[in-house]
>>> print(open('protein-v8.csv').read())   # CSV, C-alpha atoms
chain,number,residue,atom,x,y,z
A,1,MET,CA,15.3,-17.2,-19.9
A,2,THR,CA,13.1,-20.0,-18.7
A,3,THR,CA,9.3,-19.9,-18.7
A,4,GLU,CA,9.3,-19.8,-14.9
A,5,VAL,CA,11.4,-16.6,-14.8
A,6,LEU,CA,9.3,-15.0,-17.5
A,7,SER,CA,6.1,-15.9,-15.6
A,8,ARG,CA,7.5,-14.6,-12.4
A,9,ILE,CA,8.4,-11.3,-14.1
A,10,GLY,CA,4.9,-11.1,-15.4
A,11,VAL,CA,3.5,-11.7,-11.9
A,12,PHE,CA,6.0,-9.2,-10.5
A,13,VAL,CA,4.8,-6.5,-12.9
A,14,VAL,CA,1.1,-7.2,-12.4
A,15,LEU,CA,1.3,-7.2,-8.6
A,16,CYS,CA,3.3,-4.0,-8.6
A,17,LEU,CA,0.8,-2.3,-10.9
A,18,VAL,CA,-2.3,-3.6,-9.0
A,19,GLN,CA,-0.8,-2.5,-5.7
A,20,ALA,CA,0.3,0.9,-6.8
A,21,LEU,CA,-2.8,1.8,-8.8
A,22,VAL,CA,-5.6,0.1,-6.9
A,23,LEU,CA,-4.8,-1.5,-3.6
A,24,ASN,CA,-2.8,1.4,-2.1
A,25,HIS,CA,-6.0,3.4,-2.2
A,26,ILE,CA,-8.0,0.9,-0.2
A,27,HIS,CA,-8.1,1.6,3.5
A,28,LEU,CA,-11.0,-0.5,4.9
A,29,PHE,CA,-12.3,1.2,8.1
A,30,GLY,CA,-9.2,3.4,8.0
A,31,VAL,CA,-6.8,0.7,9.0
A,32,ALA,CA,-6.8,-2.3,6.7
A,33,THR,CA,-4.9,-2.1,3.5
A,34,PRO,CA,-4.4,-5.2,1.3
A,35,LEU,CA,-0.7,-5.9,0.7
A,36,LEU,CA,-1.1,-8.4,-2.1
A,37,TYR,CA,2.5,-8.2,-3.4
A,38,VAL,CA,3.6,-10.6,-0.6
A,39,TYR,CA,1.8,-13.3,-2.7
A,40,LEU,CA,4.9,-13.4,-4.9
A,41,VAL,CA,7.1,-14.4,-1.9
A,42,LEU,CA,4.7,-17.2,-0.9
A,43,GLN,CA,4.9,-18.8,-4.4
A,44,PHE,CA,8.6,-19.9,-4.5
A,45,ARG,CA,9.0,-23.6,-5.1
A,46,ARG,CA,10.9,-25.9,-2.8
A,47,SER,CA,14.2,-26.0,-4.7
A,48,TYR,CA,14.3,-22.4,-5.7
A,49,PRO,CA,17.8,-20.9,-4.8
A,50,ARG,CA,17.7,-19.0,-1.6
A,51,TRP,CA,19.8,-16.2,-3.0
A,52,ALA,CA,17.4,-15.7,-5.8
A,53,ILE,CA,14.5,-15.5,-3.4
A,54,LEU,CA,16.2,-12.7,-1.5
A,55,VAL,CA,17.0,-10.9,-4.8
A,56,TRP,CA,13.3,-11.1,-5.9
A,57,CYS,CA,12.0,-10.0,-2.5
A,58,PHE,CA,14.4,-7.1,-2.3
A,59,LEU,CA,13.7,-5.9,-5.9
A,60,LEU,CA,9.9,-6.2,-5.3
A,61,GLY,CA,10.2,-4.3,-2.1
A,62,VAL,CA,12.2,-1.5,-3.7
A,63,VAL,CA,9.7,-1.1,-6.5
A,64,ILE,CA,6.8,-1.1,-4.0
A,65,ASP,CA,8.6,1.4,-1.8
A,66,THR,CA,9.1,3.7,-4.8
A,67,PHE,CA,5.4,3.7,-5.7
A,68,SER,CA,4.0,3.7,-2.2
A,69,ASN,CA,6.3,6.3,-0.6
A,70,THR,CA,7.4,3.9,2.1
A,71,PRO,CA,11.2,4.2,2.0
A,72,GLY,CA,12.8,0.9,2.9
A,73,VAL,CA,9.7,-0.5,4.7
A,74,ALA,CA,8.5,-2.9,2.1
A,75,SER,CA,11.9,-4.0,1.0
A,76,ALA,CA,13.0,-4.8,4.6
A,77,SER,CA,9.8,-6.6,5.4
A,78,LEU,CA,9.8,-8.7,2.2
A,79,THR,CA,13.4,-9.6,2.5
A,80,PHE,CA,12.8,-10.8,6.0
A,81,VAL,CA,9.9,-12.9,4.9
A,82,GLY,CA,12.0,-14.2,1.9
A,83,VAL,CA,14.6,-15.4,4.4
A,84,LEU,CA,11.9,-17.3,6.4
A,85,GLN,CA,9.9,-18.7,3.4
A,86,PRO,CA,12.1,-21.7,2.4
A,87,TYR,CA,12.4,-23.0,5.9
A,88,TYR,CA,8.8,-22.4,6.8
A,89,PHE,CA,7.6,-24.1,3.6
A,90,GLU,CA,9.6,-27.3,4.6
A,91,LEU,CA,7.4,-27.7,7.7
A,92,PHE,CA,4.3,-28.2,5.6
A,93,ILE,CA,5.4,-30.7,3.0
A,94,PRO,CA,6.4,-34.4,3.4
A,95,GLN,CA,10.1,-35.3,3.3
A,96,ASP,CA,9.6,-37.2,0.0
A,97,ALA,CA,7.9,-34.3,-1.8
A,98,PRO,CA,9.3,-33.4,-5.2
A,99,ASP,CA,11.9,-30.6,-5.4
A,100,ASP,CA,9.8,-28.6,-7.8
A,101,MET,CA,6.7,-28.5,-5.5
A,102,LYS,CA,5.2,-25.1,-5.3
A,103,PRO,CA,3.1,-23.9,-2.4
A,104,SER,CA,-0.5,-23.7,-3.5
A,105,LEU,CA,-4.0,-24.6,-2.5
A,106,ARG,CA,-4.0,-27.5,-4.9
A,107,ASN,CA,-0.7,-29.0,-3.7
A,108,MET,CA,-1.0,-28.5,0.0
A,109,GLY,CA,-4.7,-28.5,0.7
A,110,PHE,CA,-6.8,-25.7,2.2
A,111,LEU,CA,-5.8,-25.9,5.8
A,112,LYS,CA,-2.1,-26.3,5.3
A,113,PHE,CA,-2.0,-23.5,2.7
A,114,LEU,CA,-4.0,-21.3,5.0
A,115,CYS,CA,-1.6,-21.9,7.9
A,116,TYR,CA,1.4,-21.5,5.7
A,117,SER,CA,0.3,-18.2,4.2
A,118,SER,CA,-1.3,-16.7,7.3
A,119,VAL,CA,1.8,-17.0,9.4
A,120,LEU,CA,4.0,-15.5,6.7
A,121,VAL,CA,1.5,-12.7,5.9
A,122,ALA,CA,1.1,-11.9,9.6
A,123,ILE,CA,4.9,-11.7,10.1
A,124,PHE,CA,5.1,-9.5,7.0
A,125,CYS,CA,2.3,-7.2,8.2
A,126,LEU,CA,3.7,-7.1,11.7
A,127,LEU,CA,7.1,-6.0,10.5
A,128,PHE,CA,5.8,-3.7,7.8
A,129,PHE,CA,3.5,-1.7,10.2
A,130,THR,CA,6.1,-1.7,13.0
A,131,LEU,CA,8.7,-0.1,10.6
A,132,GLU,CA,6.2,2.2,9.1
A,133,THR,CA,4.9,3.7,12.5
A,134,PHE,CA,8.2,3.2,14.3
A,135,ASN,CA,6.6,4.0,17.7
A,136,PHE,CA,4.2,2.4,20.1
A,137,PHE,CA,2.4,5.4,21.3
A,138,ASN,CA,-0.8,4.5,19.4
A,139,TRP,CA,-0.5,0.7,19.8
A,140,LEU,CA,-4.2,0.1,19.4
A,141,GLN,CA,-4.2,1.5,15.9
A,142,TRP,CA,-1.0,-0.5,15.2
A,143,ILE,CA,-2.7,-3.7,16.2
A,144,GLU,CA,-5.8,-2.8,14.1
A,145,CYS,CA,-3.6,-2.1,11.1
A,146,VAL,CA,-1.6,-5.4,11.5
A,147,GLY,CA,-4.7,-7.5,12.1
A,148,GLY,CA,-6.9,-5.9,9.5
A,149,SER,CA,-4.3,-5.9,6.7
A,150,THR,CA,-3.3,-9.5,7.5
A,151,LEU,CA,-6.9,-10.6,7.2
A,152,LEU,CA,-7.6,-8.6,4.1
A,153,THR,CA,-4.4,-9.8,2.4
A,154,LEU,CA,-5.3,-13.4,3.2
A,155,ILE,CA,-8.8,-13.0,1.8
A,156,PHE,CA,-7.2,-11.7,-1.5
A,157,ILE,CA,-4.6,-14.5,-1.6
A,158,ILE,CA,-7.2,-17.3,-0.9
A,159,THR,CA,-9.5,-15.8,-3.6
A,160,ILE,CA,-6.6,-15.9,-6.1
A,161,GLU,CA,-5.8,-19.5,-5.2
A,162,ILE,CA,-9.4,-20.6,-5.5
A,163,VAL,CA,-9.7,-18.9,-8.9
A,164,ARG,CA,-6.3,-20.5,-10.0
A,165,LYS,CA,-7.5,-23.9,-8.8
A,166,LYS,CA,-10.4,-24.0,-11.3
>>> encode(input="protein-v8.csv", output="structure tokens")
Amino acid sequence: MTTEVLSRIGVFVVLCLVQALVLNHIHLFGVATPLLYVYLVLQFRRSYPRWAILVWCFLLGVVIDTFSNTPGVASASLTFVGVLQPYYFELFIPQDAPDDMKPSLRNMGFLKFLCYSSVLVAIFCLLFFTLETFNFFNWLQWIECVGGSTLLTLIFIITIEIVRKK
């Protein structure tokens, strides 16, 4: 096994434990829950095989669904974001960028990384809460959940990136 796979397994385990033991119990103003495990999906390098991204996303979603009692919601949402991530990442890097370039605050700059991560996190939260509620009778609460969770998750992701940068 390569060091990249081992480090990704470590991040996988840490994100699952943090989400299951701590973050699932945070409901800011009753609507915003940080969904930090999407951070693993944002970190795939440019040349990472697309089939492997889908496998990682699905496995992470299944584990999170198991611990969070959201059958199929996280796995479907993460797999969809895993499909989009390689194509969307290509929009933010130059054509002559190295194949092993990873999306990070250091490599992309603050504004590009913020745009990159905010769109993917927003798509993830939109799909996650749409599948979780599966109705639009209380659409105001749905919008609050999507917006609040997106914002809270982005704050956590940017904080992690700033700490990693130093």
>>> closest_residue(input="protein-v8.csv", among="A:Ser77, A:Asn138, A:Gln95, A:Asn107", to="Val121 of chain A", atoms="all atoms listed in the file")
A:Ser77
>>> residues_around(input="protein-v8.csv", residues="Leu78 of chain A", least_positions_apart="6", cutoff="8 Å", atoms="all atoms listed in the file", output="ChimeraX atom specification")
/A:38,41,57-58,60-61,124
>>> residues_near_point(input="protein-v8.csv", point="(11.2, -24.3, 0.0)", cutoff="8 Å", atoms="only C-alpha atoms", output="MDAnalysis selection string")
chainID A and resid 44:48 85:90
>>> atom_distance(input="protein-v8.csv", atom1="atom CA of Tyr37 of chain A", atom2="atom CA of Val18 of chain A")
8.7 Å
>>> residues_near_point(input="protein-v8.csv", point="(-6.5, -2.1, 8.7)", cutoff="8 Å", atoms="all atoms listed in the file", output="JSON, numbers by chain")
{"A": [27, 28, 29, 30, 31, 32, 33, 144, 145, 146, 147, 148, 149]}
>>> atom_distance(input="protein-v8.csv", atom1="atom CA of Thr150 of chain A", atom2="atom CA of Ile9 of chain A")
24.6 Å
>>> residues_around(input="protein-v8.csv", residues="Val13 of chain A", least_positions_apart="5", cutoff="12 Å", atoms="only C-alpha atoms", output="PyMOL selection string")
chain A and resi 6-8+18-21+37+40+56+59-60+63-64
>>> atom_distance(input="protein-v8.csv", atom1="atom CA of Leu15 of chain A", atom2="atom CA of Ala97 of chain A")
28.7 Å
>>> closest_residue(input="protein-v8.csv", among="A:Phe156, A:Trp139, A:Phe128, A:Phe12", to="Thr79 of chain A", atoms="only C-alpha atoms")
A:Phe128
>>> closest_residue(input="protein-v8.csv", among="A:Phe80, A:Tyr39, A:Phe134, A:Phe110", to="Lys165 of chain A", atoms="all atoms listed in the file")
A:Phe110
>>> residues_around(input="protein-v8.csv", residues="segment 112-114 of chain A", least_positions_apart="6", cutoff="7 Å", atoms="all atoms listed in the file", output="list in words")
Phe92, Ser104 and Leu105 of chain A
>>> residues_around(input="protein-v8.csv", residues="Ser117 of chain A", least_positions_apart="6", cutoff="9 Å", atoms="all atoms listed in the file", output="PyMOL selection string")
chain A and resi 39+42+154+157
>>> closest_residue(input="protein-v8.csv", among="A:Leu127, A:Leu36, A:Ile93, A:Asn24", to="Phe67 of chain A", atoms="all atoms listed in the file")
A:Asn24
>>> residues_around(input="protein-v8.csv", residues="segment 129-133 of chain A", least_positions_apart="6", cutoff="9 Å", atoms="only C-alpha atoms", output="list in words")
Thr70, Pro71, Gly72, Val73, Ala74, Ala76, Ser77, Trp142, Ile143, Cys145 and Val146 of chain A
>>> closest_residue(input="protein-v8.csv", among="A:Pro98, A:Pro34, A:Gly82, A:Pro103", to="Thr153 of chain A", atoms="only C-alpha atoms")
A:Pro34
>>> decode(input="protein-v8.csv", residues="segment 13-28 of chain A", atoms="all heavy atoms", output="short mmCIF file (atom, residue, chain, number, x, y, z; two decimals), in the first residue's frame")
data_model
loop_
_atom_site.label_atom_id
_atom_site.label_comp_id
_atom_site.auth_asym_id
_atom_site.auth_seq_id
_atom_site.Cartn_x
_atom_site.Cartn_y
_atom_site.Cartn_z
N VAL A 13 -10.97 7.26 8.67
CA VAL A 13 -11.33 6.81 10.02
C VAL A 13 -11.55 8.00 10.94
O VAL A 13 -12.54 8.04 11.69
CB VAL A 13 -10.24 5.86 10.57
CG1 VAL A 13 -10.44 5.59 12.05
CG2 VAL A 13 -10.22 4.57 9.79
N VAL A 14 -10.67 8.99 10.89
CA VAL A 14 -10.79 10.16 11.75
C VAL A 14 -12.08 10.93 11.44
O VAL A 14 -12.82 11.32 12.36
CB VAL A 14 -9.55 11.08 11.64
CG1 VAL A 14 -9.79 12.42 12.28
CG2 VAL A 14 -8.34 10.40 12.25
N LEU A 15 -12.36 11.16 10.17
CA LEU A 15 -13.58 11.89 9.80
C LEU A 15 -14.84 11.14 10.22
O LEU A 15 -15.81 11.75 10.69
CB LEU A 15 -13.60 12.18 8.30
CG LEU A 15 -12.67 13.27 7.81
CD1 LEU A 15 -12.72 13.37 6.29
CD2 LEU A 15 -13.01 14.61 8.43
N CYS A 16 -14.83 9.82 10.06
CA CYS A 16 -15.99 9.03 10.48
C CYS A 16 -16.20 9.12 11.99
O CYS A 16 -17.33 9.30 12.45
CB CYS A 16 -15.83 7.58 10.06
SG CYS A 16 -16.04 7.30 8.30
N LEU A 17 -15.12 8.98 12.75
CA LEU A 17 -15.24 9.05 14.21
C LEU A 17 -15.67 10.43 14.68
O LEU A 17 -16.54 10.56 15.55
CB LEU A 17 -13.92 8.64 14.86
CG LEU A 17 -13.57 7.16 14.77
CD1 LEU A 17 -12.18 6.90 15.33
CD2 LEU A 17 -14.61 6.32 15.50
N VAL A 18 -15.07 11.47 14.13
CA VAL A 18 -15.42 12.83 14.52
C VAL A 18 -16.88 13.13 14.17
O VAL A 18 -17.61 13.72 14.97
CB VAL A 18 -14.46 13.86 13.87
CG1 VAL A 18 -14.98 15.27 14.01
CG2 VAL A 18 -13.08 13.74 14.48
N GLN A 19 -17.30 12.70 13.00
CA GLN A 19 -18.69 12.95 12.60
C GLN A 19 -19.66 12.18 13.50
O GLN A 19 -20.65 12.74 13.95
CB GLN A 19 -18.90 12.54 11.13
CG GLN A 19 -20.26 12.90 10.60
CD GLN A 19 -20.47 14.39 10.44
OE1 GLN A 19 -19.59 15.11 10.01
NE2 GLN A 19 -21.65 14.86 10.79
N ALA A 20 -19.38 10.90 13.74
CA ALA A 20 -20.31 10.08 14.51
C ALA A 20 -20.35 10.45 15.99
O ALA A 20 -21.42 10.46 16.60
CB ALA A 20 -19.94 8.60 14.36
N LEU A 21 -19.20 10.78 16.55
CA LEU A 21 -19.15 11.01 17.99
C LEU A 21 -19.37 12.46 18.40
O LEU A 21 -19.83 12.73 19.51
CB LEU A 21 -17.81 10.52 18.54
CG LEU A 21 -17.53 9.02 18.36
CD1 LEU A 21 -16.14 8.67 18.84
CD2 LEU A 21 -18.59 8.19 19.06
N VAL A 22 -19.04 13.41 17.53
CA VAL A 22 -19.11 14.81 17.92
C VAL A 22 -20.07 15.61 17.03
O VAL A 22 -21.04 16.20 17.52
CB VAL A 22 -17.70 15.47 17.88
CG1 VAL A 22 -17.77 16.93 18.24
CG2 VAL A 22 -16.74 14.73 18.79
N LEU A 23 -19.80 15.65 15.74
CA LEU A 23 -20.50 16.58 14.85
C LEU A 23 -21.98 16.25 14.63
O LEU A 23 -22.77 17.14 14.38
CB LEU A 23 -19.77 16.68 13.51
CG LEU A 23 -18.34 17.20 13.58
CD1 LEU A 23 -17.71 17.22 12.20
CD2 LEU A 23 -18.29 18.57 14.21
N ASN A 24 -22.35 14.98 14.72
CA ASN A 24 -23.77 14.63 14.57
C ASN A 24 -24.62 15.16 15.71
O ASN A 24 -25.84 15.22 15.59
CB ASN A 24 -23.94 13.11 14.48
CG ASN A 24 -23.66 12.58 13.09
OD1 ASN A 24 -23.57 13.34 12.14
ND2 ASN A 24 -23.52 11.29 12.98
N HIS A 25 -23.99 15.55 16.82
CA HIS A 25 -24.73 16.06 17.97
C HIS A 25 -24.78 17.58 18.00
O HIS A 25 -25.32 18.15 18.93
CB HIS A 25 -24.10 15.52 19.26
CG HIS A 25 -24.06 14.02 19.29
ND1 HIS A 25 -25.19 13.25 19.44
CD2 HIS A 25 -23.04 13.15 19.15
CE1 HIS A 25 -24.86 11.97 19.40
NE2 HIS A 25 -23.56 11.88 19.23
N ILE A 26 -24.20 18.22 16.99
CA ILE A 26 -24.25 19.68 16.90
C ILE A 26 -25.37 20.07 15.94
O ILE A 26 -25.38 19.65 14.78
CB ILE A 26 -22.91 20.25 16.38
CG1 ILE A 26 -21.78 19.94 17.35
CG2 ILE A 26 -23.02 21.74 16.13
CD1 ILE A 26 -20.40 20.33 16.83
N HIS A 27 -26.31 20.85 16.45
CA HIS A 27 -27.40 21.36 15.63
C HIS A 27 -27.55 22.83 15.95
O HIS A 27 -28.37 23.23 16.77
CB HIS A 27 -28.70 20.60 15.90
CG HIS A 27 -28.60 19.14 15.66
ND1 HIS A 27 -28.46 18.60 14.41
CD2 HIS A 27 -28.59 18.10 16.52
CE1 HIS A 27 -28.38 17.29 14.50
NE2 HIS A 27 -28.45 16.95 15.77
N LEU A 28 -26.75 23.64 15.32
CA LEU A 28 -26.72 25.07 15.58
C LEU A 28 -28.06 25.70 15.17
O LEU A 28 -28.48 25.56 14.02
CB LEU A 28 -25.56 25.71 14.81
CG LEU A 28 -25.11 27.08 15.24
CD1 LEU A 28 -24.62 27.06 16.68
CD2 LEU A 28 -24.00 27.56 14.34
#
